[in-house]
Amino acid sequence: MTRIAIMTDETGWHTNRLKKAFRARGVEARCVDLADCRIDTTWKPHGIAIPGFGHTLPDAVFVRGIAGGTFEQVTLRLGILHALRESGVPVYNDARAIERSVDKSMTSFLLNRHGVPTPATWAGESRAFAQRVLMRERAASRKVVIKPLFGSQGKGLQLLGDDACEALPSLTAFNEVAYLQRYVDGGRPGFDWRVLVIGTQAVAAMKRVGGDGWVHNFARGAQCEPAELTPSLADIAVRASVALGLDYAGVDLIACAEDGDRPLVLEVNGVAAWRGLQSVTSFDIASLLADDLLDRKCAPFAAPQRALSLAGRDGHA
């Protein structure tokens, strides 16, 4: 039987949906915390110990969550994913792609490099340079958002530029890194889009309306509403996911009124949650994710087992 490790630091709604989807395809899925894995060169034959898999490795890995921690802890957890990939295990999304999406500055760099429309962005360690950016943008009647370089769910964002005398906040709260992005007004009531990309296809979209002021994250109280997945939204979201090398991605976009309401990519989430999107979508997202992993990443060994499973269900019916 094909065995999948779902890497997660917490179990619940998402992992239950994934396990059910894999089980329906004749695949065993087991939740594993990366913090419990280890590099062990005496652990033959692979030198990687994954709880629940003994001296063997999973047939594939689905990365659902990576716990925060010290720089060393996070580096080791990503190192486990790197080691699994080096050992021939398909990792969905792999460590390289997650590193690109977690680091907002690298995300912005890659989006810009691949011609994906995204707001102007600046990132550096110089407070003086960041203050000059703020002054220059304010002189042009624009605002900027300062964000933690690492972070999600709209936490730690600050909008700057309302006050003509406003100074850049202390960078202590941002670990001495200034990541600034030109503010795009989402209108009234404010909204942005979340588009889910699986493989190289945009599969669903929703509007996130309202929330905590100008921050439209589901975790900050925004309401999820169905949205048409227009060709423009789909194209830009897929290009963003491909630019970062992601197997699946949650792409956040906003309409830019100054550019004919063309969607701009704000962020790309490489460990995307989809509970909000599932609430306004008729098909089962976990099933699409399971199918994509098995068909595209694990086809050589998963296809025969899945064929047997499907045959068994058809015979039983």
# chains A, B, ... in the order shown; residues from 1 in each chain; ligands from 1
>>> select_by_dssp(residues="segment 97-141 of chain A", states="alpha helix (DSSP H)", output="MDAnalysis selection string")
chainID A and resid 97:102 104:113 127:139
>>> residues_around(residues="Asp261 of chain A", least_positions_apart="4", cutoff="12 Å", atoms="only C-alpha atoms", output="JSON, numbers by chain")
{"A": [117, 184, 185, 186, 187, 192, 232, 233, 253, 254, 255, 256, 257]}
>>> select_by_dssp(residues="segment 12-118 of chain A", states="strand (DSSP E or B)", output="number ranges by chain")
A: 28-32, 38-39, 48-49, 60-63, 91-92
>>> closest_atom_pairs(of="segment 214-268 of chain A", to="segment 276-284 of chain A", cutoff="9 Å", atoms="only C-alpha atoms", output="JSON lines")
{"residue": "A:Phe218", "atom": "CA", "partner": "A:Gly276", "partner_atom": "CA", "distance": 6.8}
{"residue": "A:Gln223", "atom": "CA", "partner": "A:Gly276", "partner_atom": "CA", "distance": 8.6}
{"residue": "A:Cys224", "atom": "CA", "partner": "A:Gly276", "partner_atom": "CA", "distance": 6.2}
{"residue": "A:Glu225", "atom": "CA", "partner": "A:Val280", "partner_atom": "CA", "distance": 6.3}
{"residue": "A:Pro226", "atom": "CA", "partner": "A:Val280", "partner_atom": "CA", "distance": 5.4}
{"residue": "A:Ala227", "atom": "CA", "partner": "A:Val280", "partner_atom": "CA", "distance": 8.7}
>>> write_last_selection(atoms="all heavy atoms", output="short mmCIF file (atom, residue, chain, number, x, y, z; two decimals), in the first residue's frame")
data_model
loop_
_atom_site.label_atom_id
_atom_site.label_comp_id
_atom_site.auth_asym_id
_atom_site.auth_seq_id
_atom_site.Cartn_x
_atom_site.Cartn_y
_atom_site.Cartn_z
N PHE A 218 -9.15 35.78 6.29
CA PHE A 218 -10.21 35.00 6.92
C PHE A 218 -9.98 34.91 8.42
O PHE A 218 -10.92 35.01 9.23
CB PHE A 218 -10.25 33.61 6.28
CG PHE A 218 -11.27 32.66 6.88
CD1 PHE A 218 -12.62 32.98 6.89
CD2 PHE A 218 -10.87 31.45 7.42
CE1 PHE A 218 -13.55 32.10 7.44
CE2 PHE A 218 -11.79 30.58 7.97
CZ PHE A 218 -13.13 30.91 7.98
N GLN A 223 -15.22 37.91 5.68
CA GLN A 223 -16.24 36.98 5.24
C GLN A 223 -15.87 36.40 3.88
O GLN A 223 -15.44 37.13 2.99
CB GLN A 223 -17.60 37.69 5.15
CG GLN A 223 -18.08 38.26 6.48
CD GLN A 223 -18.27 37.19 7.54
OE1 GLN A 223 -18.94 36.18 7.31
NE2 GLN A 223 -17.67 37.39 8.71
N CYS A 224 -16.05 35.10 3.74
CA CYS A 224 -15.74 34.43 2.48
C CYS A 224 -16.97 34.43 1.59
O CYS A 224 -18.05 34.05 2.03
CB CYS A 224 -15.28 32.99 2.74
SG CYS A 224 -13.82 32.87 3.78
N GLU A 225 -16.79 34.87 0.36
CA GLU A 225 -17.88 34.89 -0.60
C GLU A 225 -17.43 34.23 -1.90
O GLU A 225 -16.26 34.34 -2.28
CB GLU A 225 -18.32 36.33 -0.90
CG GLU A 225 -18.88 37.07 0.31
CD GLU A 225 -19.34 38.48 -0.04
OE1 GLU A 225 -19.21 38.86 -1.23
OE2 GLU A 225 -19.81 39.19 0.87
N PRO A 226 -18.33 33.54 -2.59
CA PRO A 226 -17.96 32.94 -3.87
C PRO A 226 -17.50 34.02 -4.84
O PRO A 226 -17.99 35.16 -4.81
CB PRO A 226 -19.25 32.28 -4.35
CG PRO A 226 -20.12 32.15 -3.14
CD PRO A 226 -19.75 33.29 -2.25
N ALA A 227 -16.57 33.68 -5.70
CA ALA A 227 -16.07 34.62 -6.70
C ALA A 227 -15.86 33.88 -8.01
O ALA A 227 -15.45 32.72 -8.02
CB ALA A 227 -14.77 35.28 -6.24
#
>>> residues_around(residues="Val251 of chain A", least_positions_apart="4", cutoff="10 Å", atoms="only C-alpha atoms", output="PyMOL selection string")
chain A and resi 193-197+202+205+233-234+236-238+240-241+265-270+272
>>> residues_around(residues="Gly12 of chain A", least_positions_apart="4", cutoff="12 Å", atoms="only C-alpha atoms", output="PyMOL selection string")
chain A and resi 8+16-19+31+64-65+273+275
>>> write_last_selection(atoms="all heavy atoms", output="mmCIF file, in the first residue's frame")
data_model
loop_
_atom_site.group_PDB
_atom_site.id
_atom_site.type_symbol
_atom_site.label_atom_id
_atom_site.label_comp_id
_atom_site.auth_asym_id
_atom_site.auth_seq_id
_atom_site.Cartn_x
_atom_site.Cartn_y
_atom_site.Cartn_z
ATOM 1 N N THR A 8 2.723 17.980 9.621
ATOM 2 C CA THR A 8 1.907 19.010 10.244
ATOM 3 C C THR A 8 2.255 19.123 11.719
ATOM 4 O O THR A 8 2.612 18.128 12.359
ATOM 5 C CB THR A 8 0.409 18.694 10.082
ATOM 6 O OG1 THR A 8 -0.370 19.720 10.705
ATOM 7 C CG2 THR A 8 0.058 17.347 10.709
ATOM 8 N N ASN A 16 -7.817 15.857 8.716
ATOM 9 C CA ASN A 16 -8.881 14.866 8.614
ATOM 10 C C ASN A 16 -9.398 14.760 7.186
ATOM 11 O O ASN A 16 -9.669 13.661 6.687
ATOM 12 C CB ASN A 16 -10.034 15.217 9.565
ATOM 13 C CG ASN A 16 -9.672 15.004 11.022
ATOM 14 O OD1 ASN A 16 -8.750 14.251 11.348
ATOM 15 N ND2 ASN A 16 -10.390 15.663 11.923
ATOM 16 N N ARG A 17 -9.552 15.906 6.520
ATOM 17 C CA ARG A 17 -10.016 15.899 5.128
ATOM 18 C C ARG A 17 -8.996 15.212 4.219
ATOM 19 O O ARG A 17 -9.369 14.446 3.319
ATOM 20 C CB ARG A 17 -10.266 17.330 4.652
ATOM 21 C CG ARG A 17 -11.262 18.113 5.463
ATOM 22 C CD ARG A 17 -12.694 17.775 5.159
ATOM 23 N NE ARG A 17 -13.122 18.218 3.862
ATOM 24 C CZ ARG A 17 -14.369 18.612 3.584
ATOM 25 N NH1 ARG A 17 -15.285 18.625 4.551
ATOM 26 N NH2 ARG A 17 -14.718 18.964 2.366
ATOM 27 N N LEU A 18 -7.723 15.490 4.454
ATOM 28 C CA LEU A 18 -6.691 14.879 3.622
ATOM 29 C C LEU A 18 -6.632 13.370 3.830
ATOM 30 O O LEU A 18 -6.552 12.594 2.868
ATOM 31 C CB LEU A 18 -5.334 15.500 3.933
ATOM 32 C CG LEU A 18 -5.076 16.890 3.365
ATOM 33 C CD1 LEU A 18 -3.787 17.474 3.940
ATOM 34 C CD2 LEU A 18 -5.007 16.860 1.832
ATOM 35 N N LYS A 19 -6.669 12.948 5.082
ATOM 36 C CA LYS A 19 -6.616 11.509 5.358
ATOM 37 C C LYS A 19 -7.797 10.783 4.730
ATOM 38 O O LYS A 19 -7.655 9.688 4.167
ATOM 39 C CB LYS A 19 -6.553 11.273 6.873
ATOM 40 C CG LYS A 19 -5.227 11.693 7.498
ATOM 41 C CD LYS A 19 -5.275 11.691 9.015
ATOM 42 C CE LYS A 19 -5.269 10.286 9.573
ATOM 43 N NZ LYS A 19 -5.165 10.304 11.055
ATOM 44 N N CYS A 31 -0.155 11.393 9.978
ATOM 45 C CA CYS A 31 0.322 12.724 10.358
ATOM 46 C C CYS A 31 1.638 12.610 11.130
ATOM 47 O O CYS A 31 1.762 11.794 12.044
ATOM 48 C CB CYS A 31 -0.722 13.456 11.201
ATOM 49 S SG CYS A 31 -2.220 13.889 10.298
ATOM 50 N N ARG A 64 1.686 20.057 5.201
ATOM 51 C CA ARG A 64 0.505 20.808 5.616
ATOM 52 C C ARG A 64 0.864 21.926 6.599
ATOM 53 O O ARG A 64 0.202 22.964 6.641
ATOM 54 C CB ARG A 64 -0.507 19.842 6.257
ATOM 55 C CG ARG A 64 -1.709 20.453 6.890
ATOM 56 C CD ARG A 64 -2.610 21.191 5.892
ATOM 57 N NE ARG A 64 -3.311 22.268 6.585
ATOM 58 C CZ ARG A 64 -3.093 23.553 6.402
ATOM 59 N NH1 ARG A 64 -2.219 23.970 5.503
ATOM 60 N NH2 ARG A 64 -3.754 24.446 7.095
ATOM 61 N N GLY A 65 1.912 21.741 7.385
ATOM 62 C CA GLY A 65 2.284 22.787 8.325
ATOM 63 C C GLY A 65 3.670 22.561 8.890
ATOM 64 O O GLY A 65 4.106 21.421 9.059
ATOM 65 N N ALA A 273 -4.012 27.122 3.733
ATOM 66 C CA ALA A 273 -5.234 26.560 4.302
ATOM 67 C C ALA A 273 -6.369 26.783 3.300
ATOM 68 O O ALA A 273 -6.302 27.685 2.470
ATOM 69 C CB ALA A 273 -5.554 27.221 5.630
ATOM 70 N N ARG A 275 -9.962 26.060 4.384
ATOM 71 C CA ARG A 275 -11.268 25.875 5.038
ATOM 72 C C ARG A 275 -12.262 26.955 4.620
ATOM 73 O O ARG A 275 -13.433 26.676 4.352
ATOM 74 C CB ARG A 275 -11.094 25.862 6.555
ATOM 75 C CG ARG A 275 -12.364 25.452 7.289
ATOM 76 C CD ARG A 275 -12.092 25.138 8.744
ATOM 77 N NE ARG A 275 -13.258 24.579 9.408
ATOM 78 C CZ ARG A 275 -13.243 24.050 10.620
ATOM 79 N NH1 ARG A 275 -12.100 24.005 11.298
ATOM 80 N NH2 ARG A 275 -14.349 23.562 11.158
#
>>> atom_distance(atom1="atom CA of Pro148 of chain A", atom2="atom CA of Thr121 of chain A")
13.1 Å
>>> atom_distance(atom1="atom CA of Leu294 of chain A", atom2="atom CA of Met7 of chain A")
16.2 Å
>>> residues_around(residues="Ala83 of chain A", least_positions_apart="5", cutoff="10 Å", atoms="only C-alpha atoms", output="MDAnalysis selection string")
chainID A and resid 39 46:48 77:78 88:89 95
>>> closest_residue(among="A:Tyr179, A:Pro90, A:Arg100, A:Gly26", to="Phe129 of chain A", atoms="only C-alpha atoms")
A:Tyr179
